[in-house]
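Shown below: start-v4.csv, with CSV, C-alpha atoms.
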```csv
chain,number,residue,atom,x,y,z
W,1,MET,CA,-6.2,16.7,-8.7
W,2,ARG,CA,-8.8,18.7,-6.8
W,3,PHE,CA,-8.7,19.1,-3.1
W,4,THR,CA,-12.2,19.0,-1.4
W,5,SER,CA,-11.4,19.6,2.2
W,6,GLU,CA,-8.5,20.2,4.6
W,7,THR,CA,-8.0,19.7,8.4
W,8,THR,CA,-5.0,20.0,10.6
W,9,SER,CA,-4.2,18.0,13.8
W,10,ASN,CA,-1.0,18.0,15.8
W,11,GLY,CA,0.9,19.6,12.9
W,12,VAL,CA,-0.3,17.1,10.3
W,13,SER,CA,-2.4,18.4,7.4
W,14,GLU,CA,-5.0,16.0,5.9
W,15,ARG,CA,-6.5,16.9,2.5
W,16,LEU,CA,-9.1,14.9,0.7
W,17,PHE,CA,-8.9,14.9,-3.0
W,18,THR,CA,-10.4,13.6,-6.2
W,19,LEU,CA,-8.7,12.8,-9.4
W,20,GLY,CA,-11.2,12.0,-12.1
W,21,ASP,CA,-13.2,9.1,-10.6
W,22,LEU,CA,-10.6,8.5,-7.9
W,23,SER,CA,-10.9,9.5,-4.2
W,24,GLY,CA,-7.9,9.9,-2.1
W,25,VAL,CA,-6.2,11.7,0.8
W,26,LEU,CA,-2.9,13.4,1.3
W,27,TRP,CA,-1.2,13.9,4.6
W,28,SER,CA,1.8,16.3,5.0
W,29,PRO,CA,3.4,18.6,7.5
W,30,ALA,CA,1.2,21.6,8.0
W,31,ASP,CA,2.2,24.5,5.7
W,32,ALA,CA,4.8,22.3,4.1
W,33,THR,CA,6.7,23.5,1.1
W,34,GLY,CA,9.5,22.0,-0.8
W,35,SER,CA,10.3,18.4,-2.0
W,36,ARG,CA,10.2,15.5,0.4
W,37,PRO,CA,10.0,11.7,0.4
W,38,LEU,CA,6.5,10.4,-0.5
W,39,MET,CA,4.9,7.4,1.0
W,40,LEU,CA,2.0,5.6,-0.8
W,41,LEU,CA,-0.3,3.5,1.4
W,42,GLY,CA,-2.4,0.6,0.0
W,43,HIS,CA,-5.4,-0.4,2.2
W,44,GLY,CA,-6.6,-4.0,2.8
W,45,GLY,CA,-9.7,-5.7,1.4
W,46,GLY,CA,-12.9,-4.2,2.7
W,47,GLN,CA,-11.1,-1.1,4.0
W,48,HIS,CA,-10.6,2.3,2.5
W,49,LYS,CA,-8.2,5.2,2.3
W,50,ARG,CA,-8.9,6.5,5.8
W,51,ALA,CA,-8.9,3.1,7.7
W,52,ALA,CA,-7.7,3.7,11.2
W,53,GLY,CA,-4.5,1.8,10.7
W,54,LEU,CA,-3.6,3.8,7.6
W,55,VAL,CA,-4.4,7.1,9.4
W,56,ASP,CA,-2.2,6.2,12.3
W,57,ARG,CA,0.7,5.1,10.0
W,58,ALA,CA,0.3,8.3,7.9
W,59,HIS,CA,0.5,10.6,11.0
W,60,ARG,CA,3.5,8.8,12.2
W,61,TYR,CA,5.4,9.1,8.9
W,62,VAL,CA,4.5,12.8,8.6
W,63,ALA,CA,5.3,13.8,12.2
W,64,ALA,CA,8.4,11.6,12.8
W,65,CYS,CA,9.9,11.6,9.3
W,66,GLY,CA,8.6,14.7,7.5
W,67,PHE,CA,7.2,12.6,4.7
W,68,ALA,CA,4.2,13.3,2.5
W,69,VAL,CA,1.8,10.4,2.6
W,70,ALA,CA,-1.1,9.5,0.3
W,71,ALA,CA,-3.7,6.8,0.0
W,72,ILE,CA,-6.5,6.2,-2.5
W,73,ASP,CA,-9.6,4.0,-2.4
W,74,ALA,CA,-9.2,0.8,-4.3
W,75,PRO,CA,-11.9,0.1,-7.0
W,76,GLY,CA,-15.2,-0.9,-5.3
W,77,HIS,CA,-13.9,0.4,-1.9
W,78,GLY,CA,-14.5,3.5,0.3
W,79,ASP,CA,-16.2,6.2,-1.7
W,80,ARG,CA,-16.1,4.2,-5.0
W,81,PRO,CA,-19.1,2.2,-6.1
W,82,ARG,CA,-18.9,-1.5,-6.8
W,83,THR,CA,-19.4,-2.8,-10.3
W,84,GLU,CA,-21.5,-5.9,-11.1
W,85,GLN,CA,-18.2,-7.9,-11.3
W,86,ASP,CA,-17.3,-6.7,-7.8
W,87,GLU,CA,-20.7,-7.8,-6.5
W,88,ARG,CA,-20.4,-11.3,-8.1
W,89,PHE,CA,-16.9,-11.8,-6.6
W,90,ILE,CA,-18.0,-10.7,-3.2
W,91,ALA,CA,-21.1,-12.8,-3.2
W,92,GLY,CA,-19.2,-15.9,-4.2
W,93,ILE,CA,-16.6,-15.3,-1.4
W,94,ARG,CA,-19.3,-14.9,1.2
W,95,GLU,CA,-21.1,-18.1,0.0
W,96,ARG,CA,-17.9,-20.1,0.4
W,97,MET,CA,-17.2,-18.6,3.8
W,98,ALA,CA,-20.7,-19.5,5.0
W,99,ALA,CA,-20.2,-23.0,3.8
W,100,GLY,CA,-16.9,-23.3,5.7
W,101,GLU,CA,-15.0,-23.7,2.4
W,102,PRO,CA,-11.5,-22.1,1.7
W,103,VAL,CA,-11.7,-18.7,0.1
W,104,GLY,CA,-8.1,-18.0,-0.5
W,105,PRO,CA,-8.1,-18.8,-4.3
W,106,GLN,CA,-11.3,-16.7,-4.8
W,107,VAL,CA,-9.8,-13.8,-2.9
W,108,SER,CA,-6.6,-14.0,-5.0
W,109,ARG,CA,-8.6,-13.9,-8.2
W,110,TYR,CA,-10.7,-11.0,-7.1
W,111,ASN,CA,-7.7,-9.0,-5.9
W,112,ALA,CA,-6.0,-9.6,-9.3
W,113,ALA,CA,-9.0,-8.2,-11.0
W,114,LEU,CA,-8.9,-5.1,-8.8
W,115,ALA,CA,-5.2,-4.7,-9.4
W,116,ALA,CA,-5.7,-4.6,-13.2
W,117,ARG,CA,-7.9,-1.5,-12.6
W,118,ALA,CA,-5.9,0.0,-9.7
W,119,VAL,CA,-2.3,0.0,-11.1
W,120,PRO,CA,-2.9,2.7,-13.7
W,121,GLU,CA,-4.9,4.7,-11.1
W,122,TRP,CA,-1.9,4.7,-8.7
W,123,GLN,CA,0.4,5.8,-11.5
W,124,ALA,CA,-1.9,8.7,-12.4
W,125,THR,CA,-2.1,9.6,-8.7
W,126,LEU,CA,1.7,9.6,-8.4
W,127,ASP,CA,2.0,11.8,-11.5
W,128,ALA,CA,-0.4,14.3,-9.9
W,129,LEU,CA,1.2,14.2,-6.4
W,130,GLN,CA,4.6,14.9,-7.8
W,131,GLU,CA,3.4,18.1,-9.3
W,132,LEU,CA,2.5,19.5,-5.9
W,133,ASP,CA,4.9,21.9,-4.2
W,134,CYS,CA,4.8,20.0,-0.9
W,135,VAL,CA,5.9,16.8,-2.6
W,136,GLY,CA,8.0,17.5,-5.7
W,137,ALA,CA,9.2,15.3,-8.5
W,138,ASP,CA,12.7,14.7,-7.3
W,139,GLY,CA,12.1,12.9,-4.0
W,140,PRO,CA,12.2,9.2,-3.3
W,141,VAL,CA,8.9,7.3,-3.2
W,142,GLY,CA,8.0,4.3,-0.9
W,143,TYR,CA,5.0,2.0,-1.1
W,144,TRP,CA,3.4,0.1,1.9
W,145,GLY,CA,0.5,-2.3,1.4
W,146,ILE,CA,-0.4,-5.7,2.8
W,147,SER,CA,-3.2,-8.2,1.8
W,148,LEU,CA,-5.1,-6.3,-1.0
W,149,GLY,CA,-2.5,-3.6,-0.7
W,150,SER,CA,0.1,-6.2,-1.9
W,151,ALA,CA,-2.1,-7.6,-4.6
W,152,ILE,CA,-2.3,-4.1,-6.1
W,153,GLY,CA,1.2,-3.0,-4.9
W,154,VAL,CA,3.3,-5.8,-6.3
W,155,PRO,CA,2.3,-5.2,-9.9
W,156,PHE,CA,2.3,-1.4,-9.3
W,157,VAL,CA,5.9,-1.4,-8.0
W,158,ALA,CA,6.9,-3.8,-10.8
W,159,ALA,CA,5.6,-1.3,-13.4
W,160,GLU,CA,6.7,1.9,-11.7
W,161,PRO,CA,10.4,2.9,-11.8
W,162,ARG,CA,9.9,5.8,-9.4
W,163,ILE,CA,9.4,3.5,-6.4
W,164,THR,CA,12.4,3.3,-4.1
W,165,ALA,CA,11.5,0.7,-1.6
W,166,ALA,CA,8.4,-1.3,-0.6
W,167,VAL,CA,6.7,-3.3,2.2
W,168,PHE,CA,4.4,-6.1,1.2
W,169,GLY,CA,2.8,-9.1,2.9
W,170,LEU,CA,-0.2,-11.3,3.6
W,171,ALA,CA,-0.3,-12.4,0.0
W,172,GLY,CA,0.6,-15.5,-2.0
W,173,HIS,CA,2.4,-16.2,-5.3
W,174,GLN,CA,-0.5,-17.6,-7.3
W,175,THR,CA,-1.3,-14.4,-9.2
W,176,LEU,CA,1.7,-12.3,-8.2
W,177,ALA,CA,4.9,-14.3,-9.0
W,178,GLU,CA,5.3,-12.9,-12.5
W,179,ALA,CA,5.1,-9.3,-11.3
W,180,ALA,CA,7.3,-10.0,-8.2
W,181,ALA,CA,10.1,-11.3,-10.5
W,182,LEU,CA,10.2,-7.7,-11.9
W,183,VAL,CA,10.5,-6.0,-8.5
W,184,THR,CA,14.2,-5.2,-7.8
W,185,VAL,CA,13.9,-2.5,-5.1
W,186,PRO,CA,14.5,-3.3,-1.4
W,187,VAL,CA,11.5,-5.2,0.0
W,188,GLU,CA,10.3,-6.0,3.6
W,189,PHE,CA,7.8,-8.8,3.5
W,190,LEU,CA,5.3,-9.7,6.3
W,191,LEU,CA,4.0,-13.2,6.7
W,192,GLN,CA,1.6,-14.6,9.3
W,193,TRP,CA,2.6,-18.2,10.1
W,194,ASP,CA,-1.0,-19.3,10.7
W,195,ASP,CA,-2.7,-17.2,8.0
W,196,GLU,CA,-6.1,-18.7,7.3
W,197,LEU,CA,-6.4,-16.9,3.9
W,198,VAL,CA,-2.9,-17.2,2.5
W,199,PRO,CA,-1.2,-20.6,2.8
W,200,ARG,CA,2.2,-20.4,4.3
W,201,ASP,CA,3.9,-22.0,1.3
W,202,ALA,CA,2.2,-19.5,-1.0
W,203,GLY,CA,3.5,-16.5,1.0
W,204,LEU,CA,7.0,-18.0,1.1
W,205,ALA,CA,6.9,-18.6,-2.6
W,206,LEU,CA,6.0,-15.0,-3.2
W,207,PHE,CA,8.9,-13.8,-1.1
W,208,ASP,CA,11.2,-16.1,-3.0
W,209,ALA,CA,9.9,-14.7,-6.3
W,210,PHE,CA,11.1,-11.1,-5.7
W,211,ALA,CA,14.2,-10.2,-7.7
W,212,SER,CA,15.3,-7.7,-5.1
W,213,ARG,CA,18.9,-8.1,-3.9
W,214,GLU,CA,17.8,-6.8,-0.6
W,215,LYS,CA,14.7,-8.5,0.8
W,216,THR,CA,13.8,-9.4,4.4
W,217,LEU,CA,11.1,-11.8,5.6
W,218,HIS,CA,9.3,-11.0,8.8
W,219,ALA,CA,7.4,-14.1,9.9
W,220,ASN,CA,5.2,-13.9,12.9
W,221,PRO,CA,2.8,-16.4,14.5
W,222,GLY,CA,-0.9,-15.7,14.2
W,223,ARG,CA,-3.7,-15.4,11.7
W,224,HIS,CA,-4.3,-13.0,8.8
W,225,LEU,CA,-5.3,-10.0,10.9
W,226,GLY,CA,-2.8,-10.6,13.7
W,227,VAL,CA,0.3,-8.7,12.4
W,228,PRO,CA,2.1,-7.5,15.6
W,229,ALA,CA,2.0,-3.8,16.3
W,230,PHE,CA,5.8,-3.7,16.5
W,231,GLU,CA,6.0,-4.2,12.7
W,232,LEU,CA,5.0,-0.5,12.5
W,233,ASP,CA,8.3,0.4,14.0
W,234,SER,CA,10.1,-1.9,11.7
W,235,SER,CA,8.5,-0.5,8.5
W,236,GLN,CA,9.3,3.1,9.7
W,237,HIS,CA,12.9,2.2,10.2
W,238,PHE,CA,13.0,0.5,6.8
W,239,PHE,CA,11.6,3.5,4.9
W,240,THR,CA,13.7,6.0,6.9
W,241,ARG,CA,16.8,4.0,5.9
W,242,HIS,CA,15.9,3.8,2.2
W,243,LEU,CA,14.0,7.1,1.6
W,244,VAL,CA,16.2,9.4,3.8
W,245,HIS,CA,19.5,7.9,4.8
W,246,GLY,CA,20.0,5.7,1.8
W,247,GLY,CA,19.2,8.5,-0.7
W,248,ALA,CA,20.9,11.2,1.4
W,249,PHE,CA,17.6,13.1,1.1
W,250,THR,CA,16.6,15.6,3.8
W,251,PRO,CA,12.9,16.3,3.9
W,252,ALA,CA,11.9,20.0,3.7
W,253,ARG,CA,10.0,21.2,6.7
```
Take the structure in the file and write it out as C-alpha cells.
Amino acid sequence: MRFTSETTSNGVSERLFTLGDLSGVLWSPADATGSRPLMLLGHGGGQHKRAAGLVDRAHRYVAACGFAVAAIDAPGHGDRPRTEQDERFIAGIRERMAAGEPVGPQVSRYNAALAARAVPEWQATLDALQELDCVGADGPVGYWGISLGSAIGVPFVAAEPRITAAVFGLAGHQTLAEAAALVTVPVEFLLQWDDELVPRDAGLALFDAFASREKTLHANPGRHLGVPAFELDSSQHFFTRHLVHGGAFTPAR
C-alpha cells in the first residue's frame, strides 16, 4: 500500500492510496495511533471511492465513532479503466434503458462479473489496512454497501471471516442467494419498496437467504435512489453496537 496524498479537515485525515492496480482512500482520526474498528465502504454502480455520500458517511464514522474507514474503486469505476467486457455490458444496459426495457437482470449479471474481480481485491486491501498502526489487526471490521456495493459485498463478507457486521441493500437474490446463505454475521438490509431496478420479491428473497441469526429488514417507500437520509443514523447505531459495544472494543484516539 502506497499513500499518494493526505489532507485533513475537521480532525479527519483523508489519505489516497494505491495497492497494485487498486485505487483507494483511508479516513481516520488525525494523528491516530493504535488499533480501532475498521469500516469498509462499497460504492454504488457508476460511482467511485470518493462519491459524496461515501465521504459524508466516512467523516461521520471517524468523527463520531473513532473508526478508520476505507473505500476502493470497483473495477471499471473511478480511477480504474474499463475493460472491453465492461464496455459491452454498459452499452447493452444503455440500449435496453433507451428502449424502455427492464435492465435489472442485465445489471445483476454485470455486477456479478465485477464481484468476481473485486472480492479478492477487497481481501488484499483488508490485509494491507490491518498492517497499519492506525488500524491494527485485532479490531472488528464492518462492511457497508448497497446496490453494486451489495453485489460485491455479499460474496466478500461470505468469504471473509474477519467481517463482524454488515449493511446491505438494493440488491436481489438472483446472483447472490448462494453467497448470502454463507453470511452469518449480523445484517441490516435496506429495501426500497418501489425499486425500479430490483423487484421487491427479489430483494425480500435475498434478505431471507442470509443465514444470520440477527438480521433486520428496513423497507422504505420509494425508488432505487430514494433511500431516506435517516438510514444513515440507523447504520451508525448498528455498527456502533456491533463494532464497539458488542465487541467491548474502545477505539484508540
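Shell of region 50-54 of chain W at 8 Å, with all atoms listed in the file counted and residues fewer than 2 places along the chain excluded, is Val25, Leu41, His43, Gln47, His48, Asp56, Arg57, Ala58 and Ala71 of chain W.
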Could you make a table, as a Markdown table, of the residues of region 46-143 of chain W that have an atom within 9 Å of an atom of region 7-21 of chain W, each with its nearest atom pair and distance in Å to one decimal, counting only C-alpha atoms, in chain and number order?
```
| residue | atom | partner | partner_atom | distance |
| --- | --- | --- | --- | --- |
| W:His59 | CA | W:Val12 | CA | 6.6 |
| W:Val62 | CA | W:Val12 | CA | 6.7 |
| W:Ala63 | CA | W:Val12 | CA | 6.8 |
| W:Arg80 | CA | W:Asp21 | CA | 8.0 |
| W:Ala124 | CA | W:Leu19 | CA | 8.5 |
| W:Thr125 | CA | W:Leu19 | CA | 7.4 |
| W:Ala128 | CA | W:Leu19 | CA | 8.4 |
```
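Nearest residue to Pro199 (chain W) among W:Val103, W:Ala112, W:Met39, W:Val227 is W:Val103, counting all atoms listed in the file.
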Please determine, counting only C-alpha atoms, which residue among W:Asp233, W:Asp127, W:Asp73, W:Asp201 has the shortest atom-to-atom distance to Gly24 (chain W).
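Looking at the shortest contact to Gly24 (chain W), the residue is W:Asp73.
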Counting all atoms listed in the file, find the residues whose atoms lie at most 10 Å from (-1.4, -7.6, 3.5) (file coordinates) and write them out as an MDAnalysis selection string.
chainID W and resid 42:45 144:151 153 167:172 189:192 198 224:225 227
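Around region 84-89 of chain W, within 9 Å and counting all atoms listed in the file, the residues found are W:Pro75, W:Gly76, W:Arg82, W:Ala91, W:Gly92, W:Ile93, W:Arg94, W:Gln106, W:Val107, W:Arg109, W:Tyr110, W:Leu114, once anything fewer than 2 positions away on its own chain is removed.
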